[in-house]
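Below is one structure, written out as structure tokens; comments come after it.
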Amino acid sequence: MYLKKHILLSLTLLLLCISNISGQITLPKILGHNMVLQQQKKIPVWGTAAAGEKITVTFAGQRKNTVADQSGNWMIKLNPLKASFQAREMSIQGTNTIVLKNILVGEVWLCSGQSNMEYAMRKYSDYQTKTKGYHPPEDDLNNADNTNIRIFLDRRKYMDPSPEHLGWDNAMGKALVDFSAVGYYFAKDLYAKLHVPIGMISAAVPGSRIEPWIQASKMEIEPKLKNGQILSKLSNDGGDAGKFYDTMIEPLLPYSIKGILWYQGESNCFLGENIRYAYKLKTLIQSWRNDWKDKKLSFYFVQIAPYNYSASKDRPLTVENLPEFWEAQALNLKLKNTELATITDLTDTITELHPGYKWEVGRRLSLTAANKTYGMQNVVYSGPRFQKMKLENNSIEISFTHTGSGIASRDEKPLTGFTIAGADKKFVAAKAIQQGDKVMVSAPGVPHPYYVRFNWNEAAQSNFINKEGLPAVPFRTDNPWEKLF
């Protein structure tokens with residue numbers, strides 16, 4: 001009898017212990033010490049607790065209550081706050097109390113993609129050997145000391161709730177070593193422009209295709225072109241749809257952010273994709289915006305760098321597959337609040353899939369955000385882009401947008417990278433003459449020109465820029481998808 005009572009007592013204590021543990025408030029890992037909260041937006045705070053448990057959240061003079069639902073989930077939304085450098089505490093109280101410390105309010109951005117976005121700051125030990133770009137950075141790994149830039153590295157196997165509420169760090173020292181170089185330099189340049197705290201979340205996986213970043217159910221669509229043609233389901237391409245979305249993006253939701261930076265595409269370009277990728281990127285943009293319940297969420301992406309994809313032994317790719325991929329990326333500029341950063345000039349060799357000038361990639365994305373998100377109209381963020389063409393006798397006149405202070409040649413030599421063709425579409429190298437902010441394109445062997453292409457080769461690195469030093473965006477006037485996407 002004594003043994004039976006002892007066993008029952010032990011079981012009772014165990015059940016009480018389990019009950020107590022299940023009643024504890026838990027927070028997602030993204031909510032923790034040192035975080036930056038997005039200014040001027042409602043701020044979700046959420047987690048789990050015992051069903052029916054009353055939760056009180058106190059921060060910056062606000063005190064809000066809620067009750068956990070039958071599944072134990074709860075959420076409150078703090079009223080929008082102004083940017084603040086004041087390190088404040090947030091209290092989340094239920095049966096237990098959690099106090100998160102050293103919290104700032106400012107601008108929060110998510111950067112995602114594959115290896116070129118994941119490209120870590122520790123790889124910059126040789127940064128001094130690089131010569132391109134503007135004002136190569138200091139040795140930020142050793143010198144960074146701005147405690148108002150905070151970083152959160154989203155590691156897919158470590159996104160479970162942290163009992164210590166760790167994850168956010170100051171962008172310096174050991175924490176900076178493994179963080180995205182593009183994300184850091186974006187934040188550094190944006191901080192210099194805005195003078196408010198900046199929070200960066202990096203969620204990137206080397207070698208990843210775009211499909212794993214899209215919730216699997218969202219891939220079950222058949223895109224319809226404007227001519228009525230229907231593409232087969234996007235999910236038919238495989239690629240482990242949802243794999244990284246489920247483990248890296250969903251755990252962040254609904255943390256309030258200002259915008260998203262996307263640097264991905266190499267893995268899909270190796271598959272020879274064009275219009276299908278355009279629809280996948282569109283699906284990702286729209287579905288992520290829906291997830292964050294913000295249809296105006298800024299989404300800026302990087303046009304991947306020149307590389308010799310045609311040397312691939314796995315697939316029969318040509319030197320035009322990459323330009324076609326650039327074109328597919330650019331089609332998404334038709335969506336509101338999207339922009340691209342062109343980096344055709346930021347590589348030393350086309351055999352390097354991971355060009356090292358990430359500080360300049362981050363800076364160009366920051367220029368885009370400054371102009372498009374923060375309304376700094378005087379900031380030039382893009383090189384010349386094709387606007388329209390006009391036949392002029394045996395030449396074609398090309399007009400551009402984003403000319404900045406004017407179009408120019410990087411080396412002061414005649415503009416390079418242009419080809420021209422007649423109705424037969426047999427393209428030949430063309431002579432390009434600058435006339436103000438327009439370019440006249442012609443070739444002796446093409447007396448009746450119809451089409452012009454620019455940088456339409458995976459190795460093309462033209463000298464065509466605007467006076468702000470930003471490279472012209474690749475294009476072809478015979479774009480077959482422009483009116484169909």
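Note on naming: chains are A, B, ... as they come in the structure tokens, residues start from 1 per chain, ligands start from 1 in the order shown.
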For Ile407 of chain A, please output as a list in words all residues within 8 Å (counting only C-alpha atoms; exclusion window: fewer than 4 positions along the same chain).
Pro384, Thr403, Gly436, Asp437, Phe464, Ile465, Asn466 and Lys467 of chain A
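The protein and nucleic acid residues lying at most 12 Å from His195 of chain A are A:Ala83, A:Ser84, A:Phe85, A:Val105, A:Gly106, A:Glu107, A:Asn146, A:Asn148, A:Ile149, A:Ala187, A:Lys188, A:Asp189, with only C-alpha atoms considered and sequence neighbours fewer than 6 positions away removed.
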Can you tell me which residues surround Ser162 of chain A at a distance of at most 9 Å, considering only C-alpha atoms, apart from same-chain residues fewer than 4 positions away, and format the answer as a ChimeraX atom specification?
/A:26-29,32,158,166-167
Okay, now the selection with N, CA and C atoms, as a short mmCIF file (atom, residue, chain, number, x, y, z; two decimals), in the first residue's frame?
```
data_model
loop_
_atom_site.label_atom_id
_atom_site.label_comp_id
_atom_site.auth_asym_id
_atom_site.auth_seq_id
_atom_site.Cartn_x
_atom_site.Cartn_y
_atom_site.Cartn_z
N THR A 26 5.63 31.27 -23.24
CA THR A 26 6.79 31.11 -24.12
C THR A 26 6.67 32.11 -25.26
N LEU A 27 7.81 32.56 -25.74
CA LEU A 27 7.86 33.54 -26.82
C LEU A 27 8.60 32.95 -28.02
N PRO A 28 8.25 33.35 -29.23
CA PRO A 28 9.04 32.94 -30.39
C PRO A 28 10.44 33.53 -30.30
N LYS A 29 11.37 32.89 -30.95
CA LYS A 29 12.76 33.31 -30.80
C LYS A 29 13.01 34.73 -31.30
N GLY A 32 13.07 38.98 -28.40
CA GLY A 32 14.10 38.76 -27.40
C GLY A 32 14.83 40.03 -26.99
N TYR A 158 17.58 26.30 -35.45
CA TYR A 158 17.66 26.90 -34.12
C TYR A 158 16.61 28.00 -33.92
N LEU A 166 17.54 34.85 -26.42
CA LEU A 166 18.70 35.35 -27.16
C LEU A 166 18.48 35.15 -28.65
N GLY A 167 19.19 35.91 -29.44
CA GLY A 167 19.08 35.83 -30.90
C GLY A 167 19.45 37.15 -31.55
#
```
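Between Pro316 of chain A and the candidates A:Leu271, A:Met219, A:Leu78, A:Val379, the tightest atom-to-atom separation, counting only C-alpha atoms, involves A:Leu271.
Look at Gly52 of chain A: the protein and nucleic acid residues within 10 Å of it, using only C-alpha atoms and passing over chain neighbours fewer than 4 places away, are Gly23, Thr66, Val67, Ala68, Asp69, Gln70, Ser71, Gly72, Asn73 and Trp74 of chain A.
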Near Leu231 of chain A, counting only C-alpha atoms, which residues have an atom at most 10 Å away, once you skip same-chain residues fewer than 4 positions from it, shown as a list in words?
Ile221, Glu222, Pro223, Lys224, Leu225, Ile275, Arg276 and Tyr279 of chain A
Which residues are close to Lys218 of chain A, i.e. within 10 Å by only C-alpha atoms, leaving aside same-chain residues fewer than 5 positions away? Reply as a CSV table (one decimal) with N, CA and C atoms, in the first residue's frame.
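Ended up saving to result32.csv:
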```
chain,number,residue,atom,x,y,z
A,211,GLU,N,11.8,27.9,-54.8
A,211,GLU,CA,10.6,27.1,-54.4
A,211,GLU,C,10.6,26.8,-52.8
A,234,LEU,N,3.4,25.5,-61.0
A,234,LEU,CA,4.8,25.8,-60.6
A,234,LEU,C,5.4,24.7,-59.8
A,235,SER,N,4.6,24.0,-59.0
A,235,SER,CA,5.1,22.9,-58.1
A,235,SER,C,5.6,21.8,-58.9
A,241,ALA,N,9.3,22.6,-52.3
A,241,ALA,CA,8.5,23.8,-51.9
A,241,ALA,C,8.2,23.8,-50.5
A,242,GLY,N,8.4,25.0,-49.9
A,242,GLY,CA,8.0,25.3,-48.5
A,242,GLY,C,9.1,24.9,-47.5
A,280,LYS,N,7.3,32.6,-60.2
A,280,LYS,CA,7.6,32.1,-58.9
A,280,LYS,C,8.0,33.3,-58.0
A,283,THR,N,4.9,35.1,-57.1
A,283,THR,CA,4.2,34.3,-56.1
A,283,THR,C,4.8,34.5,-54.7
A,284,LEU,N,6.1,34.5,-54.6
A,284,LEU,CA,6.8,34.8,-53.4
A,284,LEU,C,6.5,36.2,-52.8
A,286,GLN,N,4.0,38.2,-53.5
A,286,GLN,CA,2.6,38.4,-53.1
A,286,GLN,C,2.2,37.6,-51.9
A,287,SER,N,2.7,36.4,-51.8
A,287,SER,CA,2.4,35.6,-50.6
A,287,SER,C,3.0,36.1,-49.4
```
re atom CA of Ser208 of chain A and atom CA of Gln114 of chain A: distance 5.3 Å
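The residue that comes closest to Trp359 of chain A, out of A:Tyr374, A:Asn274, A:Gln93, A:Leu346 and on the basis of only C-alpha atoms, is A:Leu346.
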In terms of the shortest atom-to-atom distance over only C-alpha atoms, which of A:Ala421, A:Ile76, A:Leu261, A:Leu484 is closest to Arg364 of chain A?
A:Leu261
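Nearest to Thr349 of chain A of all the residues A:Arg289, A:Tyr307, A:Gln40, A:Val380 is A:Tyr307, counting only C-alpha atoms.
The environment of segment 116-126 of chain A within 8 Å, counting only C-alpha atoms and disregarding residues fewer than 4 places along the same chain, consists of Cys111, Ser112, Lys130, Leu141, Leu176, Val177, Asp178, Phe179, Ser180, Ala181, Val182, Gly183, Ser202, Ala203, Ala204, Val205, Pro206, Trp262, Tyr263, Gln264, His354 and Gly356 of chain A.
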Give me, as a ChimeraX atom specification, the residues of segment 324-444 of chain A that a backbone DSSP run labels strand (DSSP E or B).
/A:338-342,385-392,395-401,407-409,418-421,428-429,431-435,438-442
For those residues, write C-alpha atoms to a file as a compact mmCIF listing (two decimals), in the first residue's frame.
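Dumped everything to result_4.txt:
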```
# COMPACT_ATOMS: atom_id res chain seq x y z
CA THR A 338 9.33 46.54 -56.05
CA GLU A 339 12.76 47.53 -57.32
CA LEU A 340 15.98 45.91 -58.50
CA ALA A 341 19.67 46.53 -58.01
CA THR A 342 21.79 45.80 -61.08
CA ARG A 385 16.91 51.66 -68.04
CA PHE A 386 15.41 51.15 -71.46
CA GLN A 387 12.33 53.28 -72.01
CA LYS A 388 11.54 53.27 -75.73
CA MET A 389 13.05 53.01 -79.19
CA LYS A 390 12.56 55.06 -82.33
CA LEU A 391 13.65 54.20 -85.89
CA GLU A 392 15.82 56.93 -87.41
CA SER A 395 19.77 53.78 -86.85
CA ILE A 396 17.67 53.20 -83.75
CA GLU A 397 17.35 55.91 -81.12
CA ILE A 398 17.09 54.54 -77.58
CA SER A 399 15.63 56.59 -74.72
CA PHE A 400 16.23 55.80 -71.07
CA THR A 401 14.85 56.45 -67.62
CA ILE A 407 24.46 59.06 -69.05
CA ALA A 408 28.18 58.45 -69.35
CA SER A 409 30.96 55.99 -70.19
CA PHE A 418 25.01 46.99 -77.80
CA THR A 419 23.95 44.67 -80.63
CA ILE A 420 21.49 45.35 -83.44
CA ALA A 421 19.49 43.32 -85.96
CA VAL A 428 25.69 41.93 -84.77
CA ALA A 429 27.89 44.21 -82.70
CA LYS A 431 28.10 51.24 -82.75
CA ALA A 432 26.52 53.27 -79.96
CA ILE A 433 26.76 57.06 -80.00
CA GLN A 434 25.63 59.12 -77.05
CA GLN A 435 23.38 62.07 -77.89
CA LYS A 438 19.81 59.10 -75.64
CA VAL A 439 21.89 56.58 -77.55
CA MET A 440 21.94 56.13 -81.34
CA VAL A 441 22.64 52.52 -82.29
CA SER A 442 23.63 51.31 -85.76
```
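Between atom CA of Trp292 of chain A and atom CA of Phe325 of chain A lies a distance of 27.6 Å.
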Mind giving me the straight-line distance from atom CA of Met376 of chain A to atom CA of Leu331 of chain A in Å, one decimal?
24.5 Å
Can you work out which one of A:Ala51, A:Ala144, A:Val473, A:Val452 has the shortest atom-to-atom distance to Val302 of chain A, counting only C-alpha atoms?
A:Val473
